[in-house]
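J.: Contents of data-v1.cif (mmCIF, N, CA and C atoms) are below:
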```
data_my_file
#
loop_
_atom_site.label_atom_id
_atom_site.label_comp_id
_atom_site.auth_asym_id
_atom_site.auth_seq_id
_atom_site.Cartn_x
_atom_site.Cartn_y
_atom_site.Cartn_z
N MET Q 24 -166.39 163.06 62.05
CA MET Q 24 -165.05 163.26 62.53
C MET Q 24 -164.44 164.42 61.74
N LYS Q 25 -163.72 165.27 62.42
CA LYS Q 25 -163.02 166.38 61.79
C LYS Q 25 -161.53 166.20 62.01
N CYS Q 26 -160.79 166.54 61.00
CA CYS Q 26 -159.34 166.42 61.06
C CYS Q 26 -158.75 167.74 60.60
N TYR Q 27 -157.81 168.27 61.35
CA TYR Q 27 -157.17 169.54 61.00
C TYR Q 27 -155.70 169.29 60.70
N VAL Q 28 -155.23 169.96 59.67
CA VAL Q 28 -153.85 169.78 59.24
C VAL Q 28 -153.21 171.16 59.12
N GLU Q 29 -151.99 171.25 59.59
CA GLU Q 29 -151.23 172.49 59.42
C GLU Q 29 -150.19 172.25 58.34
N MET Q 30 -150.13 173.17 57.37
CA MET Q 30 -149.12 173.07 56.32
C MET Q 30 -148.84 174.45 55.76
N THR Q 31 -147.68 174.56 55.16
CA THR Q 31 -147.30 175.83 54.54
C THR Q 31 -148.02 175.97 53.21
N GLU Q 32 -147.94 177.16 52.63
CA GLU Q 32 -148.55 177.38 51.31
C GLU Q 32 -147.93 176.44 50.27
N GLU Q 33 -146.62 176.26 50.36
CA GLU Q 33 -145.94 175.37 49.41
C GLU Q 33 -146.43 173.93 49.56
N GLU Q 34 -146.56 173.47 50.78
CA GLU Q 34 -147.06 172.11 51.01
C GLU Q 34 -148.49 171.96 50.52
N TYR Q 35 -149.30 173.00 50.73
CA TYR Q 35 -150.68 172.94 50.26
C TYR Q 35 -150.72 172.91 48.73
N GLY Q 36 -149.86 173.68 48.10
CA GLY Q 36 -149.77 173.66 46.65
C GLY Q 36 -149.37 172.28 46.14
N ASP Q 37 -148.40 171.66 46.81
CA ASP Q 37 -147.99 170.30 46.45
C ASP Q 37 -149.15 169.33 46.58
N PHE Q 38 -149.92 169.49 47.67
CA PHE Q 38 -151.07 168.62 47.88
C PHE Q 38 -152.10 168.79 46.77
N LEU Q 39 -152.37 170.02 46.38
CA LEU Q 39 -153.35 170.27 45.31
C LEU Q 39 -152.88 169.68 43.98
N ARG Q 40 -151.58 169.80 43.69
CA ARG Q 40 -151.04 169.22 42.45
C ARG Q 40 -151.13 167.69 42.50
N TRP Q 41 -150.82 167.11 43.65
CA TRP Q 41 -150.93 165.66 43.82
C TRP Q 41 -152.36 165.21 43.60
N ARG Q 42 -153.30 165.90 44.21
CA ARG Q 42 -154.70 165.52 44.10
C ARG Q 42 -155.20 165.66 42.66
N ALA Q 43 -154.69 166.68 41.95
CA ALA Q 43 -155.12 166.91 40.57
C ALA Q 43 -154.59 165.83 39.63
N ASP Q 44 -153.42 165.31 39.91
CA ASP Q 44 -152.81 164.31 39.02
C ASP Q 44 -152.32 163.12 39.83
N ARG Q 45 -153.22 162.50 40.56
CA ARG Q 45 -152.83 161.40 41.43
C ARG Q 45 -152.27 160.22 40.66
N ALA Q 46 -152.75 159.99 39.45
CA ALA Q 46 -152.25 158.87 38.64
C ALA Q 46 -150.75 159.01 38.40
N LYS Q 47 -150.27 160.23 38.21
CA LYS Q 47 -148.84 160.46 38.00
C LYS Q 47 -148.06 159.98 39.22
N TYR Q 48 -148.52 160.36 40.41
CA TYR Q 48 -147.82 159.98 41.63
C TYR Q 48 -147.90 158.47 41.86
N ASP Q 49 -149.01 157.86 41.49
CA ASP Q 49 -149.12 156.40 41.59
C ASP Q 49 -148.10 155.73 40.68
N ARG Q 50 -147.89 156.28 39.48
CA ARG Q 50 -146.89 155.72 38.56
C ARG Q 50 -145.48 155.89 39.13
N VAL Q 51 -145.20 157.04 39.71
CA VAL Q 51 -143.88 157.28 40.30
C VAL Q 51 -143.64 156.31 41.46
N LEU Q 52 -144.65 156.14 42.31
CA LEU Q 52 -144.52 155.22 43.43
C LEU Q 52 -144.29 153.80 42.94
N SER Q 53 -145.01 153.39 41.92
CA SER Q 53 -144.84 152.06 41.35
C SER Q 53 -143.43 151.88 40.82
N SER Q 54 -142.91 152.89 40.16
CA SER Q 54 -141.55 152.83 39.61
C SER Q 54 -140.52 152.68 40.73
N VAL Q 55 -140.68 153.44 41.80
CA VAL Q 55 -139.76 153.36 42.94
C VAL Q 55 -139.84 151.99 43.59
N GLN Q 56 -141.04 151.48 43.75
CA GLN Q 56 -141.21 150.16 44.36
C GLN Q 56 -140.53 149.08 43.51
N LYS Q 57 -140.62 149.20 42.18
CA LYS Q 57 -139.97 148.22 41.30
C LYS Q 57 -138.46 148.28 41.45
N LYS Q 58 -137.90 149.49 41.62
CA LYS Q 58 -136.45 149.63 41.80
C LYS Q 58 -136.00 148.94 43.09
N PHE Q 59 -136.75 149.15 44.17
CA PHE Q 59 -136.38 148.51 45.43
C PHE Q 59 -136.54 147.00 45.36
N GLU Q 60 -137.55 146.54 44.64
CA GLU Q 60 -137.73 145.10 44.46
C GLU Q 60 -136.56 144.52 43.68
N LEU Q 61 -136.11 145.24 42.65
CA LEU Q 61 -134.96 144.78 41.86
C LEU Q 61 -133.71 144.73 42.74
N MET Q 62 -133.53 145.74 43.60
CA MET Q 62 -132.37 145.74 44.49
C MET Q 62 -132.42 144.55 45.44
N ALA Q 63 -133.59 144.24 45.96
CA ALA Q 63 -133.73 143.09 46.86
C ALA Q 63 -133.41 141.79 46.11
N ASN Q 64 -133.90 141.68 44.88
CA ASN Q 64 -133.59 140.48 44.08
C ASN Q 64 -132.10 140.37 43.82
N LYS Q 65 -131.46 141.48 43.46
CA LYS Q 65 -130.02 141.45 43.19
C LYS Q 65 -129.25 141.01 44.43
N ALA Q 66 -129.71 141.45 45.60
CA ALA Q 66 -129.05 141.04 46.84
C ALA Q 66 -129.15 139.53 47.02
N THR Q 67 -130.32 138.96 46.73
CA THR Q 67 -130.47 137.51 46.89
C THR Q 67 -129.69 136.75 45.82
N TRP Q 68 -129.49 137.36 44.65
CA TRP Q 68 -128.72 136.70 43.60
C TRP Q 68 -127.22 136.86 43.82
N ALA Q 69 -126.81 137.92 44.51
CA ALA Q 69 -125.39 138.24 44.64
C ALA Q 69 -124.74 137.60 45.86
N ILE Q 70 -125.48 137.43 46.94
CA ILE Q 70 -124.87 136.91 48.16
C ILE Q 70 -125.67 135.74 48.71
N GLU Q 71 -124.97 134.92 49.47
CA GLU Q 71 -125.64 133.80 50.16
C GLU Q 71 -124.86 133.49 51.43
N PRO Q 72 -125.50 132.84 52.38
CA PRO Q 72 -124.80 132.51 53.62
C PRO Q 72 -123.58 131.63 53.34
N ASP Q 73 -122.53 131.88 54.10
CA ASP Q 73 -121.30 131.09 53.97
C ASP Q 73 -121.45 129.86 54.86
N PRO Q 74 -121.49 128.66 54.27
CA PRO Q 74 -121.68 127.46 55.07
C PRO Q 74 -120.51 127.17 56.02
N LYS Q 75 -119.34 127.73 55.72
CA LYS Q 75 -118.17 127.47 56.56
C LYS Q 75 -118.07 128.41 57.76
N LYS Q 76 -118.72 129.59 57.64
CA LYS Q 76 -118.63 130.59 58.71
C LYS Q 76 -120.03 131.03 59.09
N GLU Q 77 -120.47 130.59 60.24
CA GLU Q 77 -121.82 130.91 60.69
C GLU Q 77 -121.99 132.42 60.88
N GLY Q 78 -123.11 132.94 60.39
CA GLY Q 78 -123.40 134.36 60.53
C GLY Q 78 -122.70 135.24 59.51
N ARG Q 79 -122.01 134.63 58.57
CA ARG Q 79 -121.29 135.38 57.54
C ARG Q 79 -121.90 135.06 56.18
N CYS Q 80 -121.68 135.96 55.23
CA CYS Q 80 -122.16 135.76 53.86
C CYS Q 80 -120.98 135.86 52.91
N LYS Q 81 -121.21 135.36 51.69
CA LYS Q 81 -120.17 135.49 50.67
C LYS Q 81 -120.83 135.91 49.37
N ILE Q 82 -120.06 136.60 48.55
CA ILE Q 82 -120.53 137.02 47.23
C ILE Q 82 -120.43 135.83 46.29
N VAL Q 83 -121.53 135.49 45.65
CA VAL Q 83 -121.54 134.36 44.73
C VAL Q 83 -121.69 134.81 43.28
N ASP Q 84 -122.12 136.05 43.06
CA ASP Q 84 -122.25 136.58 41.71
C ASP Q 84 -121.76 138.03 41.72
N HIS Q 85 -120.54 138.22 41.25
CA HIS Q 85 -119.93 139.55 41.31
C HIS Q 85 -120.61 140.55 40.40
N ASP Q 86 -121.17 140.11 39.28
CA ASP Q 86 -121.88 141.04 38.39
C ASP Q 86 -123.09 141.64 39.10
N HIS Q 87 -123.88 140.79 39.73
CA HIS Q 87 -125.05 141.30 40.46
C HIS Q 87 -124.63 142.14 41.66
N ALA Q 88 -123.56 141.75 42.33
CA ALA Q 88 -123.08 142.52 43.48
C ALA Q 88 -122.63 143.91 43.04
N THR Q 89 -121.95 144.00 41.91
CA THR Q 89 -121.50 145.29 41.39
C THR Q 89 -122.70 146.16 41.02
N GLU Q 90 -123.67 145.57 40.34
CA GLU Q 90 -124.88 146.31 39.96
C GLU Q 90 -125.64 146.77 41.21
N LEU Q 91 -125.72 145.91 42.21
CA LEU Q 91 -126.40 146.26 43.46
C LEU Q 91 -125.71 147.43 44.13
N LEU Q 92 -124.39 147.42 44.15
CA LEU Q 92 -123.64 148.51 44.76
C LEU Q 92 -123.90 149.82 44.03
N GLU Q 93 -123.90 149.79 42.71
CA GLU Q 93 -124.16 151.00 41.93
C GLU Q 93 -125.59 151.51 42.15
N MET Q 94 -126.55 150.59 42.21
CA MET Q 94 -127.93 150.98 42.47
C MET Q 94 -128.06 151.62 43.86
N ALA Q 95 -127.41 151.02 44.85
CA ALA Q 95 -127.47 151.55 46.22
C ALA Q 95 -126.85 152.93 46.28
N LYS Q 96 -125.73 153.14 45.59
CA LYS Q 96 -125.11 154.46 45.56
C LYS Q 96 -126.06 155.48 44.94
N GLY Q 97 -126.77 155.08 43.89
CA GLY Q 97 -127.72 155.99 43.25
C GLY Q 97 -128.87 156.36 44.17
N VAL Q 98 -129.37 155.39 44.91
CA VAL Q 98 -130.49 155.64 45.82
C VAL Q 98 -130.04 156.46 47.01
N LEU Q 99 -128.86 156.15 47.53
CA LEU Q 99 -128.37 156.82 48.74
C LEU Q 99 -127.57 158.07 48.44
N GLY Q 100 -127.31 158.32 47.16
CA GLY Q 100 -126.56 159.51 46.78
C GLY Q 100 -125.09 159.44 47.10
N GLY Q 101 -124.54 158.23 47.11
CA GLY Q 101 -123.14 158.06 47.49
C GLY Q 101 -122.19 158.02 46.38
#
```
As structure tokens - that is how I would like this structure written.
T.:
Amino acid sequence: MKCYVEMTEEEYGDFLRWRADRAKYDRVLSSVQKKFELMANKATWAIEPDPKKEGRCKIVDHDHATELLEMAKGVLGG
């Protein structure tokens, strides 16, 4: 099987650097995955379904909710 890829010189350079130091990119990916996992955990610690209002949630831990908001702003650039 043959596969052809079109890319710019810059993209090809990025690919060569990635291939040369793949362990670095694996570490970066692992770090990013841990951040998203922490955000998911904070969401489960900060909010829970409101038993009085179906389909609604309430904040049960304001510290985690505040941290989650700050983390989301950092990830989304807000």
J.: Once DSSP has gone over the backbone, tell me which residues of chain Q are in helix (DSSP H, G or I), as a PyMOL selection string.
T.: chain Q and resi 32-43+45-69+85-99
J.: Between atom C of Ala69 of chain Q and atom CA of His85 of chain Q, measure the distance and give it in Å to one decimal.
T.: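 Spanning atom C of Ala69 of chain Q to atom CA of His85 of chain Q is a straight-line distance of 6.9 Å.
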J.: Would you please give, as JSON, numbers by chain, all residues of chain Q that DSSP assigns to strand (DSSP E or B) based on the backbone?
T.: {"Q": [70, 71, 72, 80, 81, 82]}
J.: As an exercise, work out the distance from atom C of Trp68 of chain Q to atom C of Leu99 of chain Q in Å and give it to one decimal place.
T.: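 Interatomic distance, atom C of Trp68 of chain Q to atom C of Leu99 of chain Q: 21.7 Å.
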J.: So that I can see what lies close to Ile70 of chain Q, please list as a PyMOL selection string the residues with an atom at most 7 Å from it, counting only N, CA and C atoms and leaving out residues fewer than 2 positions away in the same chain.
T.: chain Q and resi 65-68+72+80-84+88
J.: Those residues you just picked out, can you put them in a file as a PDB file, keeping the file's coordinate frame with N, CA and C atoms?
T.:
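Result file follows (result_23.pdb):
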```
ATOM      1  N   LYS Q  65    -131.460 141.480  43.460  1.00  0.00           N
ATOM      2  CA  LYS Q  65    -130.020 141.450  43.190  1.00  0.00           C
ATOM      3  C   LYS Q  65    -129.250 141.010  44.430  1.00  0.00           C
ATOM      4  N   ALA Q  66    -129.710 141.450  45.600  1.00  0.00           N
ATOM      5  CA  ALA Q  66    -129.050 141.040  46.840  1.00  0.00           C
ATOM      6  C   ALA Q  66    -129.150 139.530  47.020  1.00  0.00           C
ATOM      7  N   THR Q  67    -130.320 138.960  46.730  1.00  0.00           N
ATOM      8  CA  THR Q  67    -130.470 137.510  46.890  1.00  0.00           C
ATOM      9  C   THR Q  67    -129.690 136.750  45.820  1.00  0.00           C
ATOM     10  N   TRP Q  68    -129.490 137.360  44.650  1.00  0.00           N
ATOM     11  CA  TRP Q  68    -128.720 136.700  43.600  1.00  0.00           C
ATOM     12  C   TRP Q  68    -127.220 136.860  43.820  1.00  0.00           C
ATOM     13  N   PRO Q  72    -125.500 132.840  52.380  1.00  0.00           N
ATOM     14  CA  PRO Q  72    -124.800 132.510  53.620  1.00  0.00           C
ATOM     15  C   PRO Q  72    -123.580 131.630  53.340  1.00  0.00           C
ATOM     16  N   CYS Q  80    -121.680 135.960  55.230  1.00  0.00           N
ATOM     17  CA  CYS Q  80    -122.160 135.760  53.860  1.00  0.00           C
ATOM     18  C   CYS Q  80    -120.980 135.860  52.910  1.00  0.00           C
ATOM     19  N   LYS Q  81    -121.210 135.360  51.690  1.00  0.00           N
ATOM     20  CA  LYS Q  81    -120.170 135.490  50.670  1.00  0.00           C
ATOM     21  C   LYS Q  81    -120.830 135.910  49.370  1.00  0.00           C
ATOM     22  N   ILE Q  82    -120.060 136.600  48.550  1.00  0.00           N
ATOM     23  CA  ILE Q  82    -120.530 137.020  47.230  1.00  0.00           C
ATOM     24  C   ILE Q  82    -120.430 135.830  46.290  1.00  0.00           C
ATOM     25  N   VAL Q  83    -121.530 135.490  45.650  1.00  0.00           N
ATOM     26  CA  VAL Q  83    -121.540 134.360  44.730  1.00  0.00           C
ATOM     27  C   VAL Q  83    -121.690 134.810  43.280  1.00  0.00           C
ATOM     28  N   ASP Q  84    -122.120 136.050  43.060  1.00  0.00           N
ATOM     29  CA  ASP Q  84    -122.250 136.580  41.710  1.00  0.00           C
ATOM     30  C   ASP Q  84    -121.760 138.030  41.720  1.00  0.00           C
ATOM     31  N   ALA Q  88    -123.560 141.750  42.330  1.00  0.00           N
ATOM     32  CA  ALA Q  88    -123.080 142.520  43.480  1.00  0.00           C
ATOM     33  C   ALA Q  88    -122.630 143.910  43.040  1.00  0.00           C
TER      34      ALA Q  88
END
```
J.: Determine the nearest neighbour of Leu61 of chain Q from the options Q:Gly100, Q:Leu91, Q:Arg42, Q:Val28, counting only N, CA and C atoms.
T.: Q:Leu91
J.: Give me, please, the distance in Å between atom N of Met62 of chain Q and atom CA of Met94 of chain Q, quoted to one decimal.
T.: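 Separating atom N of Met62 of chain Q from atom CA of Met94 of chain Q is a distance of 7.8 Å.
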J.: Write out as JSON an axis-aligned box for segment 76-82 of chain Q: all of its atoms listed in the file, 4 Å added on each side, centre and edge lengths in Å with one decimal.
T.:
```
{"center_x": -121.0, "center_y": 133.3, "center_z": 53.6, "size_x": 12.8, "size_y": 15.4, "size_z": 22.6}
```
J.: Just write segment 41-54 of chain Q with N, CA, C and O atoms, as a PDB file, in the first residue's frame, taken from the block above.
T.:
```pdb
ATOM      1  N   TRP Q  41       9.102  16.035  15.274  1.00  0.00           N
ATOM      2  CA  TRP Q  41       8.272  15.124  16.066  1.00  0.00           C
ATOM      3  C   TRP Q  41       8.841  13.716  16.016  1.00  0.00           C
ATOM      4  O   TRP Q  41       8.960  13.044  17.037  1.00  0.00           O
ATOM      5  N   ARG Q  42       9.197  13.263  14.834  1.00  0.00           N
ATOM      6  CA  ARG Q  42       9.721  11.909  14.680  1.00  0.00           C
ATOM      7  C   ARG Q  42      11.054  11.749  15.404  1.00  0.00           C
ATOM      8  O   ARG Q  42      11.323  10.707  15.995  1.00  0.00           O
ATOM      9  N   ALA Q  43      11.864  12.810  15.403  1.00  0.00           N
ATOM     10  CA  ALA Q  43      13.172  12.747  16.058  1.00  0.00           C
ATOM     11  C   ALA Q  43      13.045  12.693  17.579  1.00  0.00           C
ATOM     12  O   ALA Q  43      13.878  12.094  18.254  1.00  0.00           O
ATOM     13  N   ASP Q  44      12.029  13.332  18.120  1.00  0.00           N
ATOM     14  CA  ASP Q  44      11.877  13.380  19.579  1.00  0.00           C
ATOM     15  C   ASP Q  44      10.445  13.028  19.957  1.00  0.00           C
ATOM     16  O   ASP Q  44       9.748  13.796  20.608  1.00  0.00           O
ATOM     17  N   ARG Q  45      10.004  11.856  19.552  1.00  0.00           N
ATOM     18  CA  ARG Q  45       8.624  11.459  19.797  1.00  0.00           C
ATOM     19  C   ARG Q  45       8.309  11.353  21.284  1.00  0.00           C
ATOM     20  O   ARG Q  45       7.198  11.645  21.712  1.00  0.00           O
ATOM     21  N   ALA Q  46       9.280  10.967  22.090  1.00  0.00           N
ATOM     22  CA  ALA Q  46       9.053  10.853  23.537  1.00  0.00           C
ATOM     23  C   ALA Q  46       8.608  12.191  24.129  1.00  0.00           C
ATOM     24  O   ALA Q  46       7.750  12.231  25.010  1.00  0.00           O
ATOM     25  N   LYS Q  47       9.169  13.287  23.626  1.00  0.00           N
ATOM     26  CA  LYS Q  47       8.784  14.618  24.112  1.00  0.00           C
ATOM     27  C   LYS Q  47       7.295  14.854  23.846  1.00  0.00           C
ATOM     28  O   LYS Q  47       6.563  15.310  24.720  1.00  0.00           O
ATOM     29  N   TYR Q  48       6.849  14.544  22.638  1.00  0.00           N
ATOM     30  CA  TYR Q  48       5.453  14.766  22.289  1.00  0.00           C
ATOM     31  C   TYR Q  48       4.533  13.828  23.067  1.00  0.00           C
ATOM     32  O   TYR Q  48       3.426  14.208  23.431  1.00  0.00           O
ATOM     33  N   ASP Q  49       4.991  12.625  23.342  1.00  0.00           N
ATOM     34  CA  ASP Q  49       4.204  11.706  24.170  1.00  0.00           C
ATOM     35  C   ASP Q  49       4.041  12.275  25.578  1.00  0.00           C
ATOM     36  O   ASP Q  49       2.973  12.173  26.176  1.00  0.00           O
ATOM     37  N   ARG Q  50       5.095  12.897  26.113  1.00  0.00           N
ATOM     38  CA  ARG Q  50       5.010  13.514  27.444  1.00  0.00           C
ATOM     39  C   ARG Q  50       4.043  14.696  27.427  1.00  0.00           C
ATOM     40  O   ARG Q  50       3.253  14.871  28.355  1.00  0.00           O
ATOM     41  N   VAL Q  51       4.099  15.509  26.382  1.00  0.00           N
ATOM     42  CA  VAL Q  51       3.198  16.656  26.269  1.00  0.00           C
ATOM     43  C   VAL Q  51       1.753  16.174  26.185  1.00  0.00           C
ATOM     44  O   VAL Q  51       0.870  16.698  26.870  1.00  0.00           O
ATOM     45  N   LEU Q  52       1.510  15.157  25.368  1.00  0.00           N
ATOM     46  CA  LEU Q  52       0.163  14.613  25.235  1.00  0.00           C
ATOM     47  C   LEU Q  52      -0.334  14.065  26.570  1.00  0.00           C
ATOM     48  O   LEU Q  52      -1.474  14.309  26.967  1.00  0.00           O
ATOM     49  N   SER Q  53       0.521  13.367  27.286  1.00  0.00           N
ATOM     50  CA  SER Q  53       0.151  12.832  28.592  1.00  0.00           C
ATOM     51  C   SER Q  53      -0.208  13.954  29.556  1.00  0.00           C
ATOM     52  O   SER Q  53      -1.186  13.863  30.300  1.00  0.00           O
ATOM     53  N   SER Q  54       0.563  15.021  29.532  1.00  0.00           N
ATOM     54  CA  SER Q  54       0.299  16.171  30.403  1.00  0.00           C
ATOM     55  C   SER Q  54      -1.056  16.803  30.084  1.00  0.00           C
ATOM     56  O   SER Q  54      -1.833  17.116  30.990  1.00  0.00           O
TER      57      SER Q  54
END
```
